[in-house]
Amino acid sequence: MPVFEQGYRPYKGTVTRRSPIPSMIWHNVRTRIRWYIWLLAAGLMAYPYAVFGVMVFLFTAGQALFGMGLPGTAGGLPETAVAFDSVRGMDPGRMLAMLTATTAEGALPLYWNVMHQASFAALVLPAVACGGILASDRTTGAMQIYFARPVTRFQYMVSKVLTVALFTALVTAVPTLAIWLETVAFSPDPHFIVRTWMAPFAIIAASAFYGLWSASVILTLSTLLKRPVLTSIGAIFLYLLLSMLGEQVSHGVGDKMWRILSPYYAIGGFTAPLFGMDLPEWLITPWLAVPALIMPLALLAFVWSRVRAVEVTT
Amino acid sequence: MAFDVAWDTTFDAALDAGRVTQTLESELDAVDAAPADVRSAGAADYPAPRMQESVVVRNLSKSFGDVQALRGLTVGFPKGAVGLLGPNGAGKSTLLKILLGLLTAESGSADVLGRSVADEPMEVRRLVGYMPEVDAYIPGLTGAEAVKFAGVLCGLPRRVAQQRAHEILYYVGLAESRYRRVEQYSMGMRQRLRLAQALVHDPELIFLDEPTNGLDPDGRDEVLGLIDDLVRSHNKSIVLCSHLLHDVEAVCEHVVVLREGTIALEGSVDDVRRLERGTYHIRVSGDEAAFEAAVRTRGFDVARQDEETLRVRVTDGTLAHDLFAAAHEAGCAIRGLSTVEQSLEGVFIRAVSSAAGADHVAGAALNPAQDGPAQGDSAQTEEGV
C-alpha cells in the first residue's frame, strides 16, 4: 500500500530551526512570474543592454579581433567621471572610450550609466510583478498562513522587501553584471578584472539601493490599495510625478538642487559614488538623504506598522 | 430520553395507579441526586490546574479601547477535544490570538502545551496547528505546494514536507485535486486544504476555527469524522471554535462557553447536557397561577413556555418530586409532563443570552447577572487596531 494511503501518520523526524525567509521569497517570486512578467523583464533587461551592451560588444570585439583603434582618445580620460553631467560634456572620443570600457577608469562609470538608465525600469518591473504583494496577502487571508506559524513580522517584511529587490535586480544588477563580464572577457587589458574587482560589489550594492527605494514605494501602496493594478499604476505615477516636480521646481526656483526631488537624481546621487564617481556641485547636499534614504525608510516603517495591524487581526 | 405522560391526578396517585414508568421515576431520582459538575459564570476561581491540560489560562485580560474583550479569564482546556463557544464579541477570537502569540495580554498568563505564550510564542506556534475560519491561501500554488509550504514554515525539511503534504491531502480527501491551483478550489475544498495545512507538521494541539463552514452535510460529516479520528485514534488535542453546536456535540468531550470575556459555562459535554436534565414542560389543570406560585415558593425556576405550558427547572435545593407536592398543594392536577430534550443548544442559549434579557427560564443558576457595561463587538474593534 502506498505510504500516502495509510491514513494519518505521526511525524517522528526532526524539525529545523532554519529561517523561513528563503522559502517565503521563493514562493513570493514563483507565484508572481507570469508570462507577461517574463516579457516585460526581458524587454527591460534588454533595454540597457541594447543601448550599451551592443556598442560595447562591437567596439571591444572589433578592437580585440581586428586591432581597431578608437577615435579621439588621445587626450585620455578624466581621472574621475562626474555623474549626470560628465558624459554629456565629454567629446565623442572620450565617451566611446568610456563606453567600450577599455580602461578601468572608463569602465566603472560605464557600469553606473548602464544601471542608472534602468532607474525607471527598476520601479516598473517590480511594480507590475509585486503590485499585490501585500494586498493579496490580506484579501486572500494568506497572512494567516504566515502569522499562525513560527514566522515573525520581521521575517515576513524582509521576505517582501527582498522579493521586490529581486525583481529590481533583474533590470539593474543582472544586465550590468552581464556587461561587466563582457568587458572582462573582451578587454585587451589582462589586468582588467583586477582593476575592476569592486565593480560587482558596487553593482549589487547599488541594485540593493534601487530595490530598497522600489520596495518602500510598492509595499506602501500595496498596504493601502487592495487592487494590485492600482499599486502598479500608483507607483509608476508617483515616480513620474516626482521626476516632473523635481525638474519644475528646480527651474522655477533656479536652483538645480531641487532636482533631488526626482528619484532619478536622488537615487543616482547615492549610487554614483559607489562606482568612484564624483557628484556635481548642486547634488552635494545633505538634503539628498531625505528623498533617497529617509523617505524609503519612513515608508517601510509605515508598512511595518500596517503589517502589525493586520497581524493582530489575523 | 424524552417522554410524555398524560396525567389527571397527582404524581403519587399516578404512581399508585401504576401509570408512571420506572424510567420517569429513575429520571427524577437521578436529577435529584446528581448535580452536574459544571463550572458556571458564578464560579469565582478556576480550580487547581488539572492534569493533562493542553491550554491553561490564568487571569487573562485584554481590552481594545473601552471594550474589554477578556476579563480576568481563567480556564483550562483538558487534552482531548474541547469546544470553545460563545456569541460574537465573547472573546473567542481574542483568546485564540493570545494563545497563538498574535496579541499580548494586558495581564495574566497563558500556557500552551506547557509553554508560556508570552515567553515562547514561536515555539508555541510550531507546536500547534491552526485552521483559520476565513479563506487563507496563496494564489498560484497548487494544493500540494500550499500544504508543503505550510510544513516548511513550521520547520519540516523540504523533502519531508513534500511527502507529508501528499499524505495529508490524501487523508483529508483532496488527493485527486492536489495538483490543481488552490484558487480553483471550491469552498469546501479550501476548507479541507486549511485542515491539511494545520495538520501537515503533526501538531499535538490543533485550533480549529469553524472547520465545517461552507461544507455540505456529507462533507461536514466527513470533516467531523476526520477530527474525531485525530482525537480518538491519533491522540491529538483540539480546540474547536464553532457556532454549530452539533459539531461540538459530535466531536468534543469538553465545552467552554465564553460570554463578555468571562466564562459563562465550562464542563464536560455530558455534564453540561445534564443541566437540561432537570427541566420539564408541565401542563396543569386547575388554578395554574396557584401552581406556579407554589412551585416558585419551593425554589424552582419557573417560566412560561406558552399559554398552556410552564417550563420548570429543578435547582439546587429542590427535588423533582416536589412538583407533584406543589400541584397537590395548589389543588391542581398535572395533565402533562415531559422532559426537555438534553442538548447543548438549550444550555448554550441560556448561558449566553441573559445579557440580552432573553433568559427567563431555568438558566438563572447558569447566568448570575454580571455587572459591567454592555459589550460591543470586539472582533470589529480589533479590526480597527
# chains A, B, ... in the order shown; residues from 1 in each chain; ligands from 1
>>> closest_atom_pairs(of="chain B", to="chain A", cutoff="6 Å", atoms="only C-alpha atoms", output="JSON lines")
{"residue": "B:Leu102", "atom": "CA", "partner": "A:Val312", "partner_atom": "CA", "distance": 5.4}
{"residue": "B:Leu103", "atom": "CA", "partner": "A:Val312", "partner_atom": "CA", "distance": 6.0}
{"residue": "B:Met122", "atom": "CA", "partner": "A:Pro150", "partner_atom": "CA", "distance": 4.7}
{"residue": "B:Arg125", "atom": "CA", "partner": "A:Arg149", "partner_atom": "CA", "distance": 5.0}
{"residue": "B:Arg126", "atom": "CA", "partner": "A:Pro150", "partner_atom": "CA", "distance": 5.6}
{"residue": "B:Asp135", "atom": "CA", "partner": "A:Gly141", "partner_atom": "CA", "distance": 5.6}
{"residue": "B:Ala136", "atom": "CA", "partner": "A:Gly141", "partner_atom": "CA", "distance": 4.1}
{"residue": "B:Tyr137", "atom": "CA", "partner": "A:Ala142", "partner_atom": "CA", "distance": 5.1}
{"residue": "B:Ile138", "atom": "CA", "partner": "A:Ala142", "partner_atom": "CA", "distance": 5.7}
{"residue": "B:Gly140", "atom": "CA", "partner": "A:Thr31", "partner_atom": "CA", "distance": 5.1}
{"residue": "B:Leu153", "atom": "CA", "partner": "A:Pro20", "partner_atom": "CA", "distance": 5.8}
{"residue": "B:Gly155", "atom": "CA", "partner": "A:Thr16", "partner_atom": "CA", "distance": 4.8}
{"residue": "B:Leu156", "atom": "CA", "partner": "A:Val15", "partner_atom": "CA", "distance": 5.2}
{"residue": "B:Glu167", "atom": "CA", "partner": "A:Phe4", "partner_atom": "CA", "distance": 4.2}
{"residue": "B:Tyr171", "atom": "CA", "partner": "A:Gly7", "partner_atom": "CA", "distance": 5.6}
{"residue": "B:Asp202", "atom": "CA", "partner": "A:Tyr11", "partner_atom": "CA", "distance": 5.9}
{"residue": "B:Glu383", "atom": "CA", "partner": "A:Thr313", "partner_atom": "CA", "distance": 5.7}
{"residue": "B:Val385", "atom": "CA", "partner": "A:Ala309", "partner_atom": "CA", "distance": 5.8}
>>> write_last_selection(atoms="all heavy atoms", output="compact mmCIF listing (two decimals), in the first residue's frame")
# COMPACT_ATOMS: atom_id res chain seq x y z
N LEU B 102 -0.31 36.22 18.86
CA LEU B 102 -0.52 37.36 17.96
C LEU B 102 -0.91 38.61 18.74
O LEU B 102 -0.72 39.72 18.27
CB LEU B 102 -1.61 37.04 16.94
CG LEU B 102 -1.30 35.89 15.99
CD1 LEU B 102 -2.50 35.52 15.17
CD2 LEU B 102 -0.14 36.28 15.09
N LEU B 103 -1.48 38.43 19.89
CA LEU B 103 -1.84 39.54 20.75
C LEU B 103 -1.16 39.35 22.10
O LEU B 103 -0.92 38.21 22.51
CB LEU B 103 -3.35 39.60 20.97
CG LEU B 103 -4.22 40.17 19.86
CD1 LEU B 103 -5.69 40.03 20.24
CD2 LEU B 103 -3.89 41.62 19.60
N MET B 122 6.95 31.72 19.36
CA MET B 122 7.29 30.99 18.13
C MET B 122 7.26 29.48 18.36
O MET B 122 6.84 28.72 17.50
CB MET B 122 8.69 31.40 17.65
CG MET B 122 8.75 32.82 17.14
SD MET B 122 7.66 33.07 15.72
CE MET B 122 6.71 34.45 16.29
N ARG B 125 3.70 28.36 18.36
CA ARG B 125 3.15 28.26 17.00
C ARG B 125 3.69 27.04 16.27
O ARG B 125 3.02 26.49 15.40
CB ARG B 125 3.50 29.51 16.20
CG ARG B 125 2.77 30.75 16.66
CD ARG B 125 2.99 31.86 15.65
NE ARG B 125 2.91 33.17 16.25
CZ ARG B 125 3.19 34.29 15.61
NH1 ARG B 125 3.57 34.25 14.34
NH2 ARG B 125 3.11 35.45 16.20
N ARG B 126 4.90 26.67 16.61
CA ARG B 126 5.48 25.49 15.98
C ARG B 126 4.77 24.21 16.43
O ARG B 126 4.64 23.26 15.68
CB ARG B 126 6.97 25.41 16.33
CG ARG B 126 7.82 24.63 15.34
CD ARG B 126 9.26 24.54 15.84
NE ARG B 126 9.86 25.83 16.11
CZ ARG B 126 10.42 26.60 15.18
NH1 ARG B 126 10.46 26.20 13.94
NH2 ARG B 126 10.94 27.77 15.50
N ASP B 135 -11.00 32.26 4.51
CA ASP B 135 -10.10 31.79 3.45
C ASP B 135 -8.67 32.20 3.73
O ASP B 135 -8.41 33.33 4.16
CB ASP B 135 -10.54 32.41 2.12
CG ASP B 135 -11.09 31.35 1.19
OD1 ASP B 135 -10.95 30.16 1.52
OD2 ASP B 135 -11.65 31.71 0.15
N ALA B 136 -7.76 31.31 3.47
CA ALA B 136 -6.33 31.62 3.63
C ALA B 136 -5.57 30.78 2.62
O ALA B 136 -5.38 29.59 2.84
CB ALA B 136 -5.87 31.33 5.05
N TYR B 137 -5.20 31.39 1.53
CA TYR B 137 -4.44 30.66 0.52
C TYR B 137 -3.55 31.63 -0.24
O TYR B 137 -3.77 32.84 -0.24
CB TYR B 137 -5.38 29.94 -0.45
CG TYR B 137 -6.26 30.84 -1.27
CD1 TYR B 137 -5.88 31.26 -2.54
CD2 TYR B 137 -7.48 31.29 -0.77
CE1 TYR B 137 -6.68 32.09 -3.29
CE2 TYR B 137 -8.28 32.14 -1.52
CZ TYR B 137 -7.87 32.52 -2.77
OH TYR B 137 -8.67 33.36 -3.51
N ILE B 138 -2.55 31.06 -0.86
CA ILE B 138 -1.64 31.87 -1.67
C ILE B 138 -1.94 31.56 -3.13
O ILE B 138 -1.70 30.42 -3.58
CB ILE B 138 -0.18 31.55 -1.34
CG1 ILE B 138 0.09 31.89 0.12
CG2 ILE B 138 0.76 32.33 -2.25
CD1 ILE B 138 1.46 31.47 0.61
N GLY B 140 -1.80 30.91 -6.95
CA GLY B 140 -0.69 30.48 -7.80
C GLY B 140 -0.07 29.17 -7.35
O GLY B 140 0.68 28.55 -8.11
N LEU B 153 7.20 26.16 6.66
CA LEU B 153 7.15 27.29 7.60
C LEU B 153 7.19 26.80 9.04
O LEU B 153 7.68 27.49 9.93
CB LEU B 153 5.88 28.12 7.38
CG LEU B 153 5.80 28.95 6.10
CD1 LEU B 153 4.50 29.73 6.06
CD2 LEU B 153 6.99 29.89 5.97
N GLY B 155 8.88 24.29 10.01
CA GLY B 155 10.20 23.72 10.31
C GLY B 155 10.44 22.33 9.75
O GLY B 155 11.48 21.74 10.05
N LEU B 156 9.53 21.81 8.95
CA LEU B 156 9.79 20.50 8.36
C LEU B 156 10.83 20.66 7.25
O LEU B 156 10.81 21.64 6.51
CB LEU B 156 8.52 19.91 7.74
CG LEU B 156 7.38 19.51 8.67
CD1 LEU B 156 6.26 18.87 7.86
CD2 LEU B 156 7.85 18.56 9.74
N GLU B 167 0.55 13.00 1.71
CA GLU B 167 -0.15 12.10 2.64
C GLU B 167 -1.37 12.77 3.25
O GLU B 167 -2.47 12.21 3.30
CB GLU B 167 0.79 11.69 3.78
CG GLU B 167 1.88 10.73 3.40
CD GLU B 167 2.79 10.46 4.59
OE1 GLU B 167 2.30 10.40 5.72
OE2 GLU B 167 3.99 10.33 4.35
N TYR B 171 -5.34 12.17 3.09
CA TYR B 171 -6.11 11.93 4.32
C TYR B 171 -7.37 12.80 4.37
O TYR B 171 -8.43 12.32 4.79
CB TYR B 171 -5.21 12.23 5.53
CG TYR B 171 -5.86 12.05 6.87
CD1 TYR B 171 -6.21 10.80 7.33
CD2 TYR B 171 -6.12 13.15 7.67
CE1 TYR B 171 -6.80 10.63 8.58
CE2 TYR B 171 -6.71 13.00 8.92
CZ TYR B 171 -7.05 11.75 9.36
OH TYR B 171 -7.64 11.60 10.58
N ASP B 202 2.15 17.69 11.94
CA ASP B 202 1.79 16.75 13.01
C ASP B 202 1.77 17.44 14.37
O ASP B 202 2.49 17.03 15.31
CB ASP B 202 2.78 15.58 13.03
CG ASP B 202 2.30 14.47 13.98
OD1 ASP B 202 1.08 14.33 14.14
OD2 ASP B 202 3.16 13.78 14.55
N GLU B 383 -10.45 44.88 14.45
CA GLU B 383 -10.15 45.26 13.08
C GLU B 383 -9.54 46.65 13.03
O GLU B 383 -8.75 46.97 12.16
CB GLU B 383 -11.44 45.26 12.24
CG GLU B 383 -12.05 43.88 12.03
CD GLU B 383 -11.22 43.03 11.11
OE1 GLU B 383 -10.52 43.59 10.27
OE2 GLU B 383 -11.28 41.80 11.26
N VAL B 385 -7.63 48.04 15.13
CA VAL B 385 -6.37 48.24 15.85
C VAL B 385 -5.27 48.62 14.88
O VAL B 385 -5.15 48.05 13.82
CB VAL B 385 -5.97 46.94 16.57
CG1 VAL B 385 -4.57 47.10 17.16
CG2 VAL B 385 -6.94 46.64 17.66
>>> residues_around(residues="range 79-87 of chain B", least_positions_apart="2", cutoff="6 Å", atoms="only C-alpha atoms", output="list in words")
Gln52, Glu53, Ser54, Ala90, Ser237, Ile238, Val239, Leu240, Cys241, Val248, Cys252, Glu253, His254, Val255, Val256, Val257, Leu258 and Arg259 of chain B
>>> residues_around(residues="range 251-268 of chain A", least_positions_apart="3", cutoff="6 Å", atoms="only C-alpha atoms", output="PyMOL selection string")
chain A and resi 242-243+246-248+271-272+282-283+292
>>> residues_around(residues="Asp111 in chain B", least_positions_apart="6", cutoff="9 Å", atoms="only C-alpha atoms", output="tab-separated table (two decimals) with C-alpha atoms, in the first residue's frame")
chain	number	residue	atom	x	y	z
B	54	SER	CA	-3.25	21.40	26.80
B	55	VAL	CA	-4.07	25.03	27.49
B	56	VAL	CA	-4.02	26.83	30.80
B	57	VAL	CA	-5.11	30.44	31.02
B	58	ARG	CA	-4.84	32.40	34.21
B	99	LEU	CA	-2.80	31.70	22.52
B	117	VAL	CA	2.84	32.02	25.17
B	118	ALA	CA	4.43	35.28	26.27
B	124	VAL	CA	4.01	27.57	20.64
>>> residues_around(residues="range 38-47 of chain A", least_positions_apart="6", cutoff="12 Å", atoms="only C-alpha atoms", output="ChimeraX atom specification")
/A:29-30,32,53-54,114-129,166-179
>>> write_last_selection(atoms="N, CA, C and O atoms", output="compact mmCIF listing (two decimals), in the first residue's frame")
# COMPACT_ATOMS: atom_id res chain seq x y z
N VAL A 29 8.24 34.99 -5.30
CA VAL A 29 8.72 35.20 -6.67
C VAL A 29 8.01 34.25 -7.63
O VAL A 29 7.50 34.66 -8.67
N ARG A 30 7.97 33.01 -7.22
CA ARG A 30 7.45 31.98 -8.11
C ARG A 30 5.99 32.23 -8.49
O ARG A 30 5.58 32.01 -9.63
N ARG A 32 4.60 34.99 -8.74
CA ARG A 32 4.42 36.27 -9.43
C ARG A 32 5.00 36.28 -10.83
O ARG A 32 4.84 37.26 -11.55
N GLY A 53 25.26 47.56 -24.25
CA GLY A 53 25.91 46.26 -24.45
C GLY A 53 26.32 46.02 -25.87
O GLY A 53 27.45 45.57 -26.14
N VAL A 54 25.44 46.33 -26.78
CA VAL A 54 25.75 46.07 -28.19
C VAL A 54 26.93 46.94 -28.63
O VAL A 54 27.85 46.48 -29.32
N VAL A 114 24.98 52.42 -17.26
CA VAL A 114 24.11 51.34 -17.71
C VAL A 114 23.00 51.10 -16.68
O VAL A 114 21.82 51.03 -16.99
N MET A 115 23.42 51.00 -15.44
CA MET A 115 22.45 50.70 -14.39
C MET A 115 21.46 51.84 -14.21
O MET A 115 20.26 51.62 -14.08
N HIS A 116 21.97 53.05 -14.25
CA HIS A 116 21.08 54.16 -13.95
C HIS A 116 20.10 54.45 -15.07
O HIS A 116 19.06 55.07 -14.84
N GLN A 117 20.45 54.01 -16.27
CA GLN A 117 19.46 54.13 -17.35
C GLN A 117 18.21 53.33 -17.02
O GLN A 117 17.14 53.58 -17.53
N ALA A 118 18.39 52.33 -16.16
CA ALA A 118 17.26 51.46 -15.82
C ALA A 118 16.56 51.89 -14.53
O ALA A 118 15.80 51.13 -13.96
N SER A 119 16.82 53.13 -14.08
CA SER A 119 16.24 53.52 -12.79
C SER A 119 14.71 53.53 -12.85
O SER A 119 14.05 53.17 -11.88
N PHE A 120 14.17 53.91 -13.98
CA PHE A 120 12.70 53.89 -14.10
C PHE A 120 12.21 52.44 -14.23
O PHE A 120 11.25 52.04 -13.57
N ALA A 121 12.94 51.67 -15.05
CA ALA A 121 12.57 50.26 -15.19
C ALA A 121 12.69 49.52 -13.86
O ALA A 121 11.95 48.56 -13.59
N ALA A 122 13.60 50.01 -13.00
CA ALA A 122 13.79 49.37 -11.70
C ALA A 122 12.56 49.53 -10.83
O ALA A 122 12.41 48.83 -9.83
N LEU A 123 11.69 50.44 -11.19
CA LEU A 123 10.43 50.57 -10.47
C LEU A 123 9.30 49.88 -11.23
O LEU A 123 8.41 49.28 -10.62
N VAL A 124 9.36 49.97 -12.55
CA VAL A 124 8.24 49.46 -13.35
C VAL A 124 8.08 47.95 -13.19
O VAL A 124 6.98 47.46 -12.90
N LEU A 125 9.15 47.22 -13.36
CA LEU A 125 9.03 45.76 -13.31
C LEU A 125 8.53 45.26 -11.95
O LEU A 125 7.54 44.52 -11.89
N PRO A 126 9.17 45.66 -10.84
CA PRO A 126 8.63 45.18 -9.56
C PRO A 126 7.23 45.70 -9.27
O PRO A 126 6.45 45.02 -8.61
N ALA A 127 6.92 46.90 -9.78
CA ALA A 127 5.57 47.42 -9.54
C ALA A 127 4.52 46.56 -10.22
O ALA A 127 3.47 46.28 -9.66
N VAL A 128 4.83 46.13 -11.42
CA VAL A 128 3.87 45.29 -12.15
C VAL A 128 3.84 43.88 -11.54
O VAL A 128 2.77 43.30 -11.36
N ALA A 129 5.00 43.37 -11.19
CA ALA A 129 5.05 42.00 -10.67
C ALA A 129 4.55 41.90 -9.24
O ALA A 129 3.90 40.92 -8.87
N LEU A 166 14.58 41.61 -5.61
CA LEU A 166 14.99 40.63 -6.62
C LEU A 166 14.45 41.01 -8.00
O LEU A 166 15.16 40.91 -9.01
N PHE A 167 13.21 41.42 -8.04
CA PHE A 167 12.66 41.87 -9.33
C PHE A 167 13.38 43.12 -9.81
O PHE A 167 13.60 43.29 -11.01
N THR A 168 13.75 43.98 -8.87
CA THR A 168 14.51 45.16 -9.25
C THR A 168 15.86 44.76 -9.84
O THR A 168 16.31 45.31 -10.86
N ALA A 169 16.47 43.78 -9.20
CA ALA A 169 17.81 43.35 -9.66
C ALA A 169 17.76 42.78 -11.07
O ALA A 169 18.77 42.83 -11.79
N LEU A 170 16.61 42.27 -11.47
CA LEU A 170 16.50 41.72 -12.82
C LEU A 170 16.80 42.77 -13.88
O LEU A 170 17.31 42.44 -14.96
N VAL A 171 16.45 44.02 -13.58
CA VAL A 171 16.68 45.06 -14.59
C VAL A 171 17.82 45.99 -14.22
O VAL A 171 18.13 46.91 -14.96
N THR A 172 18.43 45.78 -13.06
CA THR A 172 19.56 46.63 -12.69
C THR A 172 20.85 45.80 -12.61
O THR A 172 21.74 45.93 -13.44
N ALA A 173 20.89 44.92 -11.63
CA ALA A 173 22.13 44.17 -11.41
C ALA A 173 22.42 43.16 -12.52
O ALA A 173 23.57 43.04 -12.97
N VAL A 174 21.41 42.48 -12.97
CA VAL A 174 21.65 41.38 -13.92
C VAL A 174 22.25 41.89 -15.23
O VAL A 174 23.32 41.42 -15.66
N PRO A 175 21.63 42.87 -15.90
CA PRO A 175 22.25 43.33 -17.16
C PRO A 175 23.60 44.02 -16.94
O PRO A 175 24.51 43.89 -17.77
N THR A 176 23.74 44.70 -15.80
CA THR A 176 25.00 45.39 -15.55
C THR A 176 26.12 44.39 -15.27
O THR A 176 27.26 44.55 -15.74
N LEU A 177 25.80 43.36 -14.52
CA LEU A 177 26.81 42.32 -14.28
C LEU A 177 27.16 41.61 -15.59
O LEU A 177 28.32 41.24 -15.81
N ALA A 178 26.16 41.47 -16.44
CA ALA A 178 26.43 40.83 -17.73
C ALA A 178 27.41 41.68 -18.53
O ALA A 178 28.33 41.16 -19.18
N ILE A 179 27.22 42.97 -18.48
CA ILE A 179 28.12 43.86 -19.21
C ILE A 179 29.52 43.84 -18.59
O ILE A 179 30.53 43.86 -19.28
>>> residues_around(residues="range 309-316 of chain B", least_positions_apart="5", cutoff="6 Å", atoms="only C-alpha atoms", output="ChimeraX atom specification")
/B:278-283,300-304,362
>>> write_last_selection(atoms="N, CA, C and O atoms", output="compact mmCIF listing (two decimals), in the first residue's frame")
# COMPACT_ATOMS: atom_id res chain seq x y z
N GLY B 278 -32.91 18.33 34.41
CA GLY B 278 -33.97 18.61 35.38
C GLY B 278 -34.95 19.66 34.91
O GLY B 278 -35.50 20.38 35.71
N THR B 279 -35.13 19.77 33.61
CA THR B 279 -36.05 20.78 33.08
C THR B 279 -37.26 20.08 32.47
O THR B 279 -37.10 19.13 31.70
N TYR B 280 -38.41 20.58 32.81
CA TYR B 280 -39.65 19.91 32.38
C TYR B 280 -40.62 20.92 31.80
O TYR B 280 -40.65 22.09 32.21
N HIS B 281 -41.39 20.45 30.88
CA HIS B 281 -42.56 21.19 30.42
C HIS B 281 -43.77 20.58 31.14
O HIS B 281 -43.98 19.36 31.08
N ILE B 282 -44.54 21.42 31.78
CA ILE B 282 -45.66 20.91 32.60
C ILE B 282 -46.94 21.62 32.21
O ILE B 282 -46.96 22.85 32.04
N ARG B 283 -47.97 20.85 32.04
CA ARG B 283 -49.32 21.40 31.85
C ARG B 283 -50.17 20.94 33.03
O ARG B 283 -50.10 19.77 33.43
N PHE B 300 -38.14 26.42 42.71
CA PHE B 300 -37.90 26.04 41.32
C PHE B 300 -37.78 27.29 40.45
O PHE B 300 -38.32 28.34 40.78
N ASP B 301 -37.06 27.12 39.33
CA ASP B 301 -37.07 28.18 38.30
C ASP B 301 -38.28 27.93 37.42
O ASP B 301 -38.44 26.83 36.87
N VAL B 302 -39.10 28.94 37.27
CA VAL B 302 -40.33 28.77 36.50
C VAL B 302 -40.42 29.84 35.43
O VAL B 302 -40.12 31.00 35.69
N ALA B 303 -40.82 29.45 34.27
CA ALA B 303 -41.10 30.43 33.20
C ALA B 303 -42.21 29.86 32.35
O ALA B 303 -42.46 28.65 32.35
N ARG B 304 -42.89 30.75 31.65
CA ARG B 304 -44.00 30.28 30.82
C ARG B 304 -43.46 29.93 29.44
O ARG B 304 -42.82 30.75 28.79
N ALA B 362 -34.83 28.63 33.33
CA ALA B 362 -34.10 27.98 34.39
C ALA B 362 -32.61 28.30 34.38
O ALA B 362 -31.86 27.72 35.13
>>> residues_around(residues="Leu323 in chain B", least_positions_apart="2", cutoff="10 Å", atoms="only C-alpha atoms", output="CSV table (one decimal) with N, CA and C atoms, in the first residue's frame")
chain,number,residue,atom,x,y,z
B,10,THR,N,-52.4,13.6,40.8
B,10,THR,CA,-51.0,13.9,41.3
B,10,THR,C,-50.0,12.8,41.0
B,11,PHE,N,-48.8,13.1,41.2
B,11,PHE,CA,-47.8,12.1,40.9
B,11,PHE,C,-47.9,10.8,41.7
B,282,ILE,N,-44.5,21.4,31.8
B,282,ILE,CA,-45.7,20.9,32.6
B,282,ILE,C,-46.9,21.6,32.2
B,291,PHE,N,-50.5,27.1,41.2
B,291,PHE,CA,-49.5,26.1,41.0
B,291,PHE,C,-48.1,26.7,40.7
B,292,GLU,N,-48.2,27.7,39.9
B,292,GLU,CA,-46.9,28.4,39.6
B,292,GLU,C,-46.3,29.1,40.8
B,294,ALA,N,-46.9,28.1,43.9
B,294,ALA,CA,-46.4,27.1,44.8
B,294,ALA,C,-45.1,26.5,44.4
B,295,VAL,N,-44.9,26.3,43.1
B,295,VAL,CA,-43.6,25.8,42.6
B,295,VAL,C,-42.5,26.8,42.8
B,296,ARG,N,-42.9,28.1,42.6
B,296,ARG,CA,-41.9,29.1,42.8
B,296,ARG,C,-41.5,29.2,44.3
B,298,ARG,N,-41.3,26.9,46.3
B,298,ARG,CA,-40.4,25.8,46.7
B,298,ARG,C,-39.0,26.0,46.1
B,300,PHE,N,-38.1,26.4,42.7
B,300,PHE,CA,-37.9,26.0,41.3
B,300,PHE,C,-37.8,27.3,40.4
B,312,VAL,N,-40.3,24.4,33.9
B,312,VAL,CA,-39.8,24.3,35.3
B,312,VAL,C,-38.5,23.6,35.3
B,314,VAL,N,-35.5,22.2,37.9
B,314,VAL,CA,-35.0,21.8,39.2
B,314,VAL,C,-33.7,22.5,39.5
B,318,THR,N,-33.9,21.9,45.4
B,318,THR,CA,-35.3,21.4,45.1
B,318,THR,C,-35.2,20.0,44.6
B,319,LEU,N,-36.3,19.3,44.7
B,319,LEU,CA,-36.4,18.0,44.2
B,319,LEU,C,-37.6,17.9,43.2
B,320,ALA,N,-37.3,17.1,42.2
B,320,ALA,CA,-38.3,17.0,41.1
B,320,ALA,C,-39.7,16.5,41.7
B,321,HIS,N,-39.6,15.6,42.7
B,321,HIS,CA,-40.8,15.1,43.2
B,321,HIS,C,-41.7,16.2,43.9
B,325,ALA,N,-46.0,17.6,44.8
B,325,ALA,CA,-46.5,18.1,46.1
B,325,ALA,C,-47.0,19.5,45.9
B,326,ALA,N,-46.3,20.2,45.1
B,326,ALA,CA,-46.8,21.6,44.8
B,326,ALA,C,-48.2,21.6,44.1
B,327,ALA,N,-48.3,20.7,43.1
B,327,ALA,CA,-49.6,20.6,42.4
B,327,ALA,C,-50.7,20.2,43.4
B,328,HIS,N,-50.4,19.3,44.3
B,328,HIS,CA,-51.3,18.8,45.3
B,328,HIS,C,-51.7,20.0,46.2
B,329,GLU,N,-50.7,20.8,46.6
B,329,GLU,CA,-50.9,21.9,47.5
B,329,GLU,C,-51.8,23.0,46.8
B,334,ILE,N,-51.7,17.5,37.4
B,334,ILE,CA,-50.7,17.7,36.4
B,334,ILE,C,-51.2,16.8,35.2
